[in-house]
file query.txt (compact mmCIF, C-alpha atoms and all ligand atoms)
# COMPACT_ATOMS: atom_id res chain seq x y z
CA MET A 1 55.74 -95.43 67.10
CA ASP A 2 55.93 -99.10 66.16
CA GLY A 3 58.95 -100.20 68.21
CA ALA A 4 61.27 -100.53 65.26
CA GLN A 5 64.60 -98.75 65.18
CA ILE A 6 64.26 -95.40 63.50
CA ASP A 7 67.70 -94.02 62.83
CA ALA A 8 69.51 -94.00 66.16
CA VAL A 9 66.37 -93.97 68.29
CA VAL A 10 64.81 -97.09 69.82
CA ALA A 11 61.41 -96.98 71.52
CA GLU A 12 61.08 -98.72 74.87
CA GLU A 13 58.10 -99.17 77.18
CA ASN A 14 58.61 -95.95 79.15
CA GLY A 15 61.05 -94.00 77.03
CA LEU A 16 63.63 -93.95 74.27
CA THR A 17 67.18 -95.15 73.83
CA VAL A 18 69.03 -92.55 71.80
CA THR A 19 72.48 -93.13 70.34
CA LEU A 20 74.48 -90.03 71.21
CA PRO A 21 77.50 -89.09 69.09
CA GLU A 22 79.83 -88.83 72.11
CA THR A 23 78.99 -91.83 74.28
CA GLY A 24 76.63 -94.04 72.31
CA PRO A 25 73.23 -95.39 73.42
CA ALA A 26 71.60 -93.67 76.38
CA TYR A 27 68.11 -94.16 77.79
CA PHE A 28 65.72 -91.25 78.44
CA ASN A 29 62.41 -91.54 80.26
CA ALA A 30 59.40 -90.15 78.35
CA TRP A 31 58.11 -88.08 81.29
CA TRP A 32 61.54 -86.53 81.65
CA LEU A 33 61.72 -85.77 77.93
CA ARG A 34 58.29 -84.17 77.80
CA ASP A 35 58.90 -82.15 80.97
CA ASN A 36 62.19 -80.82 79.66
CA CYS A 37 61.25 -79.93 76.10
CA PRO A 38 63.16 -76.67 75.43
CA THR A 39 59.79 -74.92 74.98
CA SER A 40 58.98 -75.71 78.63
CA PHE A 41 61.18 -72.81 79.68
CA ASP A 42 60.06 -69.21 79.49
CA PRO A 43 62.89 -67.14 77.98
CA GLU A 44 61.71 -64.04 79.86
CA THR A 45 61.35 -65.35 83.40
CA ARG A 46 63.88 -68.13 82.70
CA GLU A 47 61.65 -70.43 84.71
CA ARG A 48 59.79 -73.57 83.69
CA GLY A 49 56.45 -72.53 82.21
CA PHE A 50 55.29 -76.07 81.43
CA ASP A 51 53.50 -78.01 84.18
CA VAL A 52 53.90 -81.77 83.85
CA PHE A 53 51.09 -82.31 86.38
CA HIS A 54 48.62 -81.11 83.74
CA LEU A 55 49.27 -83.95 81.28
CA LYS A 56 46.22 -86.17 81.05
CA ALA A 57 48.19 -89.36 80.39
CA ALA A 58 51.77 -90.58 80.40
CA PRO A 59 53.55 -88.90 77.47
CA ARG A 60 54.18 -91.23 74.52
CA PRO A 61 56.28 -90.45 71.43
CA ALA A 62 54.39 -91.03 68.17
CA GLU A 63 57.52 -90.40 66.16
CA ALA A 64 61.14 -89.80 67.12
CA ARG A 65 64.34 -89.39 65.13
CA ILE A 66 67.64 -87.59 65.02
CA GLU A 67 67.52 -84.48 62.85
CA GLY A 68 70.94 -82.90 62.49
CA ASP A 69 72.26 -82.27 65.99
CA ALA A 70 68.88 -82.62 67.68
CA LEU A 71 66.44 -85.30 68.75
CA MET A 72 62.94 -84.63 67.35
CA ILE A 73 59.88 -86.10 69.07
CA ARG A 74 56.29 -85.74 67.90
CA TRP A 75 54.07 -86.58 70.86
CA ALA A 76 51.13 -88.98 70.54
CA ASP A 77 48.38 -87.42 72.64
CA GLU A 78 48.99 -83.72 72.09
CA ASP A 79 49.74 -81.39 69.26
CA HIS A 80 53.35 -80.83 70.20
CA VAL A 81 56.78 -81.42 68.69
CA SER A 82 59.95 -81.27 70.81
CA ARG A 83 63.50 -80.74 69.60
CA TYR A 84 66.34 -81.47 72.04
CA PRO A 85 69.92 -80.49 71.21
CA LEU A 86 71.99 -83.68 71.51
CA ALA A 87 74.51 -81.71 73.58
CA MET A 88 71.75 -81.09 76.16
CA LEU A 89 70.82 -84.80 76.23
CA GLN A 90 74.48 -85.68 76.66
CA VAL A 91 74.61 -83.75 79.98
CA TYR A 92 71.79 -85.88 81.42
CA ALA A 93 72.57 -89.19 79.72
CA HIS A 94 74.23 -91.00 82.60
CA GLY A 95 72.57 -89.70 85.76
CA ALA A 96 75.54 -87.56 86.74
CA ARG A 97 74.88 -84.26 88.45
CA ARG A 98 74.84 -81.22 86.21
CA PRO A 99 78.35 -79.76 86.36
CA ASP A 100 78.54 -76.91 88.89
CA PRO A 101 81.10 -74.18 88.18
CA ALA A 102 80.99 -73.19 91.86
CA ASP A 103 82.03 -76.68 92.93
CA LEU A 104 85.71 -75.76 93.14
CA PRO A 105 87.99 -78.25 94.92
CA ARG A 106 88.69 -77.16 98.48
CA ARG A 107 92.35 -76.59 99.32
CA PRO A 108 93.05 -77.37 102.98
CA TRP A 109 95.41 -75.02 104.76
CA PHE A 110 97.42 -75.14 107.97
CA ALA A 111 99.03 -72.94 110.65
CA ASP A 112 101.49 -71.33 108.21
CA HIS A 113 98.77 -69.99 105.92
CA TYR A 114 98.78 -66.37 107.15
CA PRO A 115 101.34 -64.93 104.68
CA SER A 116 99.47 -66.51 101.74
CA ILE A 117 95.90 -65.57 102.71
CA THR A 118 94.19 -63.95 99.74
CA ARG A 119 94.00 -60.20 100.28
CA VAL A 120 91.73 -57.91 98.35
CA SER A 121 91.31 -54.17 98.74
CA HIS A 122 87.91 -52.70 99.54
CA PRO A 123 88.00 -49.81 97.01
CA VAL A 124 89.28 -52.16 94.28
CA LEU A 125 86.54 -54.71 95.00
CA LEU A 126 83.89 -52.05 94.48
CA GLU A 127 85.26 -51.27 91.01
CA ASP A 128 86.73 -54.45 89.65
CA ALA A 129 84.77 -57.63 88.81
CA GLN A 130 87.98 -59.65 88.33
CA GLU A 131 89.01 -58.81 91.86
CA ARG A 132 85.60 -59.81 93.17
CA GLN A 133 85.99 -63.12 91.35
CA ARG A 134 89.40 -63.68 92.97
CA TRP A 135 87.82 -63.01 96.37
CA MET A 136 84.94 -65.43 95.73
CA GLU A 137 87.36 -68.12 94.58
CA ALA A 138 89.42 -67.72 97.75
CA LEU A 139 86.27 -68.19 99.82
CA LEU A 140 85.22 -71.27 97.84
CA VAL A 141 88.67 -72.89 97.71
CA GLU A 142 90.29 -71.85 101.01
CA GLY A 143 87.26 -70.57 102.91
CA ILE A 144 88.98 -67.36 104.02
CA ALA A 145 90.21 -63.99 102.68
CA ILE A 146 91.09 -60.58 104.11
CA VAL A 147 89.64 -57.37 102.76
CA THR A 148 92.05 -54.48 103.33
CA ASP A 149 91.67 -50.68 103.15
CA MET A 150 88.24 -50.69 104.78
CA PRO A 151 86.96 -47.21 105.61
CA ASP A 152 86.28 -46.72 109.31
CA THR A 153 82.51 -46.54 108.81
CA ASP A 154 79.50 -48.79 109.38
CA ALA A 155 78.67 -48.46 105.68
CA ALA A 156 81.97 -50.09 104.67
CA LEU A 157 80.92 -53.45 106.09
CA THR A 158 77.48 -53.20 104.47
CA GLU A 159 79.13 -52.47 101.12
CA THR A 160 81.65 -55.29 101.46
CA ALA A 161 79.20 -58.00 102.50
CA GLY A 162 76.68 -56.71 99.95
CA LEU A 163 79.08 -57.68 97.17
CA LEU A 164 78.61 -61.36 98.05
CA GLY A 165 74.95 -61.42 98.99
CA THR A 166 72.19 -60.04 101.13
CA ILE A 167 72.89 -59.29 104.77
CA ARG A 168 71.58 -62.24 106.72
CA PRO A 169 70.42 -61.55 110.24
CA SER A 170 71.01 -63.84 113.19
CA PHE A 171 69.72 -63.87 116.75
CA PHE A 172 72.05 -60.90 117.29
CA GLY A 173 70.42 -58.82 114.54
CA ASP A 174 71.68 -57.69 111.13
CA TYR A 175 75.05 -56.69 112.53
CA PHE A 176 76.89 -57.48 115.74
CA ASP A 177 79.44 -55.48 117.66
CA VAL A 178 82.26 -57.47 119.23
CA ARG A 179 83.38 -55.23 122.08
CA LEU A 180 82.89 -55.16 125.82
CA HIS A 181 79.23 -55.12 126.78
CA ILE A 182 78.00 -54.17 130.27
CA ARG A 183 75.50 -57.07 130.35
CA PRO A 184 76.99 -59.50 127.83
CA THR A 185 74.68 -61.95 126.05
CA ASN A 186 77.64 -63.80 124.59
CA LEU A 187 81.19 -64.76 125.54
CA ALA A 188 82.48 -62.74 122.57
CA TYR A 189 81.32 -59.56 124.31
CA THR A 190 83.73 -60.05 127.23
CA SER A 191 87.55 -59.87 127.43
CA LYS A 192 87.83 -63.59 128.19
CA ALA A 193 89.38 -66.08 125.81
CA LEU A 194 86.84 -67.12 123.22
CA GLU A 195 87.26 -70.80 122.53
CA LEU A 196 87.43 -72.10 118.98
CA HIS A 197 83.99 -72.19 117.41
CA THR A 198 81.78 -71.66 114.39
CA ASP A 199 79.05 -69.05 114.82
CA VAL A 200 75.46 -69.59 115.93
CA PRO A 201 74.95 -73.34 115.38
CA ALA A 202 71.79 -72.99 117.48
CA GLU A 203 70.12 -71.61 114.34
CA GLU A 204 68.62 -74.24 112.04
CA LEU A 205 70.69 -72.89 109.17
CA ALA A 206 73.76 -71.34 110.73
CA PRO A 207 75.07 -68.25 108.91
CA GLY A 208 77.19 -69.06 105.85
CA ILE A 209 79.79 -66.35 105.23
CA GLN A 210 80.99 -64.24 108.12
CA TYR A 211 82.63 -60.81 107.98
CA LEU A 212 84.51 -59.23 110.87
CA HIS A 213 85.55 -55.63 110.28
CA CYS A 214 88.30 -54.56 112.68
CA ARG A 215 87.59 -50.96 113.65
CA ARG A 216 89.82 -50.67 116.74
CA ASN A 217 92.56 -52.91 118.01
CA SER A 218 94.97 -51.41 120.47
CA VAL A 219 94.61 -53.92 123.32
CA VAL A 220 97.33 -56.17 124.72
CA GLY A 221 96.47 -59.74 123.74
CA GLY A 222 93.30 -60.70 121.92
CA GLN A 223 95.04 -62.45 119.02
CA ASN A 224 92.72 -63.85 116.37
CA LEU A 225 92.75 -67.61 115.96
CA PHE A 226 91.58 -69.22 112.72
CA LEU A 227 91.86 -72.77 111.41
CA ASP A 228 90.56 -74.78 108.49
CA GLY A 229 88.08 -77.28 109.94
CA THR A 230 88.15 -79.37 106.77
CA ALA A 231 91.93 -79.88 107.12
CA VAL A 232 91.44 -81.20 110.67
CA ALA A 233 88.44 -83.37 109.76
CA ASN A 234 90.32 -84.89 106.80
CA ASP A 235 93.18 -85.82 109.13
CA LEU A 236 90.73 -87.40 111.58
CA ARG A 237 89.18 -89.36 108.72
CA ALA A 238 92.61 -90.80 107.87
CA SER A 239 93.70 -91.51 111.45
CA ASP A 240 90.44 -92.63 113.10
CA PRO A 241 87.69 -93.53 110.60
CA GLU A 242 85.29 -94.66 113.32
CA ALA A 243 85.54 -91.36 115.20
CA PHE A 244 85.06 -89.57 111.88
CA ARG A 245 81.96 -91.65 111.13
CA LEU A 246 80.40 -90.84 114.50
CA LEU A 247 81.04 -87.10 114.13
CA SER A 248 79.78 -86.98 110.55
CA GLU A 249 76.63 -89.06 111.13
CA THR A 250 75.43 -88.11 114.62
CA GLU A 251 73.39 -84.95 115.11
CA VAL A 252 74.02 -83.21 118.41
CA PRO A 253 71.98 -80.34 119.91
CA PHE A 254 73.01 -76.69 120.16
CA TYR A 255 71.10 -73.96 121.97
CA LYS A 256 70.98 -70.23 122.60
CA GLU A 257 68.81 -69.15 125.46
CA HIS A 258 68.37 -65.67 126.86
CA ASP A 259 65.57 -63.44 128.11
CA HIS A 260 63.29 -63.68 125.07
CA ILE A 261 64.73 -66.46 122.96
CA ASP A 262 65.08 -70.21 123.08
CA MET A 263 66.91 -71.27 119.93
CA ARG A 264 67.64 -74.95 119.35
CA ALA A 265 69.05 -76.86 116.42
CA ARG A 266 70.78 -80.16 115.82
CA GLN A 267 73.95 -80.29 113.73
CA ARG A 268 76.60 -82.79 112.73
CA VAL A 269 80.05 -81.78 113.97
CA ILE A 270 81.54 -82.83 110.60
CA GLU A 271 79.57 -81.90 107.48
CA LEU A 272 79.95 -83.89 104.24
CA ASP A 273 79.00 -82.71 100.76
CA HIS A 274 77.32 -84.71 97.98
CA ASN A 275 80.71 -86.14 96.98
CA ASP A 276 81.17 -87.46 100.52
CA GLU A 277 83.97 -84.95 101.02
CA VAL A 278 84.29 -82.83 104.15
CA SER A 279 82.65 -79.48 103.42
CA GLY A 280 82.60 -78.05 106.91
CA VAL A 281 82.47 -78.43 110.65
CA THR A 282 80.21 -77.14 113.41
CA ILE A 283 81.75 -76.64 116.80
CA SER A 284 80.81 -74.43 119.72
CA GLN A 285 81.38 -75.39 123.30
CA HIS A 286 79.52 -72.33 124.58
CA LEU A 287 76.41 -73.17 122.51
CA ALA A 288 76.52 -76.99 122.73
CA ASP A 289 73.39 -78.17 124.50
CA ILE A 290 73.40 -81.09 126.92
CA PHE A 291 73.81 -84.03 124.54
CA ASP A 292 70.57 -86.00 124.65
CA LEU A 293 71.89 -89.09 122.89
CA PRO A 294 71.52 -92.58 124.34
CA GLN A 295 74.02 -92.83 127.19
CA ARG A 296 75.56 -96.00 125.70
CA LEU A 297 76.26 -94.10 122.48
CA MET A 298 78.04 -91.48 124.61
CA ASP A 299 80.63 -94.20 125.39
CA GLN A 300 81.77 -93.90 121.77
CA TYR A 301 80.67 -90.35 120.91
CA TYR A 302 82.45 -88.42 123.67
CA PRO A 303 85.92 -89.90 123.02
CA ALA A 304 85.52 -89.10 119.31
CA PHE A 305 84.23 -85.58 120.06
CA VAL A 306 87.02 -84.81 122.53
CA LYS A 307 89.65 -86.22 120.19
CA PHE A 308 88.46 -83.90 117.43
CA GLY A 309 88.23 -80.94 119.82
CA ARG A 310 91.82 -81.48 120.91
CA MET A 311 92.99 -81.80 117.30
CA LEU A 312 91.42 -78.39 116.58
CA GLN A 313 93.78 -76.88 119.16
CA ASP A 314 96.88 -78.48 117.65
CA ASP A 315 99.54 -75.99 116.53
CA LYS A 316 99.62 -77.79 113.19
CA TYR A 317 96.34 -76.11 112.26
CA LEU A 318 96.07 -72.90 114.26
CA MET A 319 96.80 -69.65 112.45
CA ARG A 320 97.42 -66.83 114.95
CA PHE A 321 97.59 -63.17 114.05
CA SER A 322 96.17 -59.83 115.03
CA LEU A 323 93.63 -58.35 112.69
CA ALA A 324 94.63 -54.76 112.04
CA GLU A 325 92.37 -51.73 112.02
CA GLY A 326 90.97 -51.31 108.52
CA GLU A 327 90.97 -55.04 107.77
CA CYS A 328 87.88 -57.19 107.41
CA ILE A 329 88.25 -60.93 107.55
CA SER A 330 85.72 -62.86 105.50
CA PHE A 331 85.31 -66.59 105.95
CA ASP A 332 83.05 -69.59 105.48
CA ASN A 333 81.36 -69.99 108.86
CA HIS A 334 80.62 -73.66 108.16
CA ARG A 335 84.28 -74.48 107.51
CA ILE A 336 86.57 -72.04 109.27
CA VAL A 337 86.80 -72.36 113.05
CA HIS A 338 87.72 -69.17 114.87
CA GLY A 339 88.46 -67.91 118.33
CA ARG A 340 90.27 -65.22 120.26
CA ALA A 341 92.90 -65.14 122.97
CA ALA A 342 92.02 -63.26 126.17
CA PHE A 343 92.99 -59.61 126.27
CA SER A 344 93.55 -56.93 128.85
CA ALA A 345 90.35 -54.90 128.89
CA THR A 346 92.12 -51.81 130.26
CA SER A 347 95.03 -51.85 127.81
CA GLY A 348 93.22 -50.17 124.95
CA GLU A 349 90.22 -50.47 122.69
CA ARG A 350 89.07 -53.50 120.71
CA TYR A 351 86.08 -53.31 118.40
CA LEU A 352 85.05 -55.63 115.60
CA ARG A 353 81.82 -55.23 113.72
CA GLY A 354 80.39 -58.28 112.10
CA THR A 355 77.69 -59.54 109.81
CA TYR A 356 76.82 -62.53 107.65
CA THR A 357 75.65 -63.49 104.18
CA ASP A 358 74.85 -67.01 102.94
CA ARG A 359 76.96 -69.60 101.19
CA GLY A 360 74.36 -70.33 98.50
CA GLU A 361 74.20 -66.70 97.40
CA LEU A 362 77.98 -66.55 97.10
CA ARG A 363 77.93 -69.63 94.88
CA GLY A 364 75.05 -68.20 92.85
CA LEU A 365 76.87 -64.94 92.17
CA TYR A 366 80.05 -66.82 91.33
CA ARG A 367 78.30 -69.12 88.83
CA ALA A 368 76.68 -66.17 87.09
CA MET A 369 80.07 -64.50 86.87
CA VAL A 370 82.09 -67.39 85.44
CA SER A 371 79.66 -69.49 83.43
CA GLU A 372 77.18 -69.20 80.62
CA GLY A 373 74.08 -70.45 82.41
CA ARG A 374 71.20 -72.11 80.61
CA PHE A 375 69.67 -69.01 79.04
CA LYS A 376 72.66 -66.98 77.83
FE FE B 401 82.47 -66.01 116.45
call {"tool": "encode", "arguments": {"input": "query.txt", "output": "structure tokens"}}
result
Amino acid sequence: MDGAQIDAVVAEENGLTVTLPETGPAYFNAWWLRDNCPTSFDPETRERGFDVFHLKAAPRPAEARIEGDALMIRWADEDHVSRYPLAMLQVYAHGARRPDPADLPRRPWFADHYPSITRVSHPVLLEDAQERQRWMEALLVEGIAIVTDMPDTDAALTETAGLLGTIRPSFFGDYFDVRLHIRPTNLAYTSKALELHTDVPAEELAPGIQYLHCRRNSVVGGQNLFLDGTAVANDLRASDPEAFRLLSETEVPFYKEHDHIDMRARQRVIELDHNDEVSGVTISQHLADIFDLPQRLMDQYYPAFVKFGRMLQDDKYLMRFSLAEGECISFDNHRIVHGRAAFSATSGERYLRGTYTDRGELRGLYRAMVSEGRFK
């Protein structure tokens, strides 16, 4: 290519500037173009079959021009012609992230949310894709939803969670039983109040979506407590930006130690997404390790941490209710903070069975359900 303008394509040292119909001139790097030739992708596996590492030299267009609604490139050092739909180039023209249909805006909620929690029925979910979509959207937007009409069986929880992903084990195994244990390994397995927390932050990747299937609940007390951690963190961001900064930038240690395990992981109490928006929180007083930060930093960190911890207990945020037998609450374990009031162990029976799946799998299933994808 001799550097002259050929139609709407201008050669540059390392790539091409292409004039796109929608937004005008846009630069594309030659490596990027060669790597992402539509023929690079195998229609059967839907994976990239081309390996850019195997090119002997930097790719160089010998000829390039717009042909209809595509950019055609004939490459200099190989016998290969690429044709890129201009619509595909448009997506990548300005360095913006590829639009993600699962990136739904989060809607913060407060103490009065209980009557408007999304409710979906177990037998309907099994049959109806629209209903599954409504459930997924509730989990992405509000982080919480109740599944009703659950059969009183172990299989019901497996079926429910299986609709949103693969059962994801934790230190407690594939499933966990929240009821009184003779030798409890966790505060949840006693009748004491269970302070507000997210589950298992001592794991490097704490479980994403949590399911709690209420099988028995006839005790006095033991109300369920749920709050939207993103609502609280957003309020802290507005009222005390420095405290917010400390909690969103500083990693603190969590641990889980028992007879045969010594789990440790560091987490930020406030989690931000790629848009710098609050996407979750991690809080667990019973699994917080001894903070091993510089003691001078503790002068700032502890007041911020305690301020946030107290905000979590504010009635503005706390939704209180009793999960009924046959209900399964599903929620984003990185966003929704939960706890339980103390109950009278002799007043009746209380049994919740729980499990987890991951956030990424939920988003993956949702995208496949609502969007075209690259290969459809
Ligand atoms: Fe929990």
call {"tool": "closest_atom_pairs", "arguments": {"input": "query.txt", "of": "chain A", "to": "ligand FE 401 (chain B)", "cutoff": "10 Å", "atoms": "only C-alpha atoms and all ligand atoms", "output": "JSON lines"}}
result
{"residue": "A:Val178", "atom": "CA", "partner": "B:FE401", "partner_atom": "FE", "distance": 9.0}
{"residue": "A:Asn186", "atom": "CA", "partner": "B:FE401", "partner_atom": "FE", "distance": 9.7}
{"residue": "A:Leu187", "atom": "CA", "partner": "B:FE401", "partner_atom": "FE", "distance": 9.3}
{"residue": "A:Ala188", "atom": "CA", "partner": "B:FE401", "partner_atom": "FE", "distance": 6.9}
{"residue": "A:Leu194", "atom": "CA", "partner": "B:FE401", "partner_atom": "FE", "distance": 8.1}
{"residue": "A:Glu195", "atom": "CA", "partner": "B:FE401", "partner_atom": "FE", "distance": 9.1}
{"residue": "A:Leu196", "atom": "CA", "partner": "B:FE401", "partner_atom": "FE", "distance": 8.3}
{"residue": "A:His197", "atom": "CA", "partner": "B:FE401", "partner_atom": "FE", "distance": 6.4}
{"residue": "A:Thr198", "atom": "CA", "partner": "B:FE401", "partner_atom": "FE", "distance": 6.1}
{"residue": "A:Asp199", "atom": "CA", "partner": "B:FE401", "partner_atom": "FE", "distance": 4.9}
{"residue": "A:Val200", "atom": "CA", "partner": "B:FE401", "partner_atom": "FE", "distance": 7.9}
{"residue": "A:Gln210", "atom": "CA", "partner": "B:FE401", "partner_atom": "FE", "distance": 8.6}
{"residue": "A:Tyr211", "atom": "CA", "partner": "B:FE401", "partner_atom": "FE", "distance": 9.9}
{"residue": "A:Leu212", "atom": "CA", "partner": "B:FE401", "partner_atom": "FE", "distance": 9.0}
{"residue": "A:Ser284", "atom": "CA", "partner": "B:FE401", "partner_atom": "FE", "distance": 9.2}
{"residue": "A:Asn333", "atom": "CA", "partner": "B:FE401", "partner_atom": "FE", "distance": 8.6}
{"residue": "A:Val337", "atom": "CA", "partner": "B:FE401", "partner_atom": "FE", "distance": 8.4}
{"residue": "A:His338", "atom": "CA", "partner": "B:FE401", "partner_atom": "FE", "distance": 6.3}
{"residue": "A:Gly339", "atom": "CA", "partner": "B:FE401", "partner_atom": "FE", "distance": 6.6}
{"residue": "A:Arg340", "atom": "CA", "partner": "B:FE401", "partner_atom": "FE", "distance": 8.7}
{"residue": "A:Gly354", "atom": "CA", "partner": "B:FE401", "partner_atom": "FE", "distance": 9.1}
call {"tool": "axis_aligned_box", "arguments": {"input": "query.txt", "around": "stretch 359-371 of chain A", "padding_each_side": "6 Å", "output": "lines of an AutoDock Vina configuration file"}}
result
center_x = 78.1
center_y = -67.4
center_z = 92.3
size_x = 19.9
size_y = 17.8
size_z = 29.8
call {"tool": "residues_around", "arguments": {"input": "query.txt", "residues": "A:Ala265", "least_positions_apart": "2", "cutoff": "9 Å", "atoms": "all atoms listed in the file", "output": "NGL selection string"}}
result
:A and (201-205 or 252-255 or 263 or 267)
call {"tool": "atom_distance", "arguments": {"input": "query.txt", "atom1": "atom CA of A:Ala233", "atom2": "atom CA of A:Ile117"}}
result
20.5 Å
call {"tool": "atom_distance", "arguments": {"input": "query.txt", "atom1": "atom CA of A:Asp259", "atom2": "atom CA of A:His334"}}
result
27.0 Å
call {"tool": "closest_residue", "arguments": {"input": "query.txt", "among": "A:Tyr356, A:Phe226, A:Phe291, A:Phe244", "to": "A:Asp112", "atoms": "all atoms listed in the file"}}
result
A:Phe226
call {"tool": "atom_distance", "arguments": {"input": "query.txt", "atom1": "atom CA of A:Leu272", "atom2": "atom CA of A:Glu142"}}
result
16.2 Å
call {"tool": "closest_residue", "arguments": {"input": "query.txt", "among": "A:Asp174, A:Leu287, A:Thr190, A:Arg179", "to": "A:His258", "atoms": "all atoms listed in the file"}}
result
A:Leu287
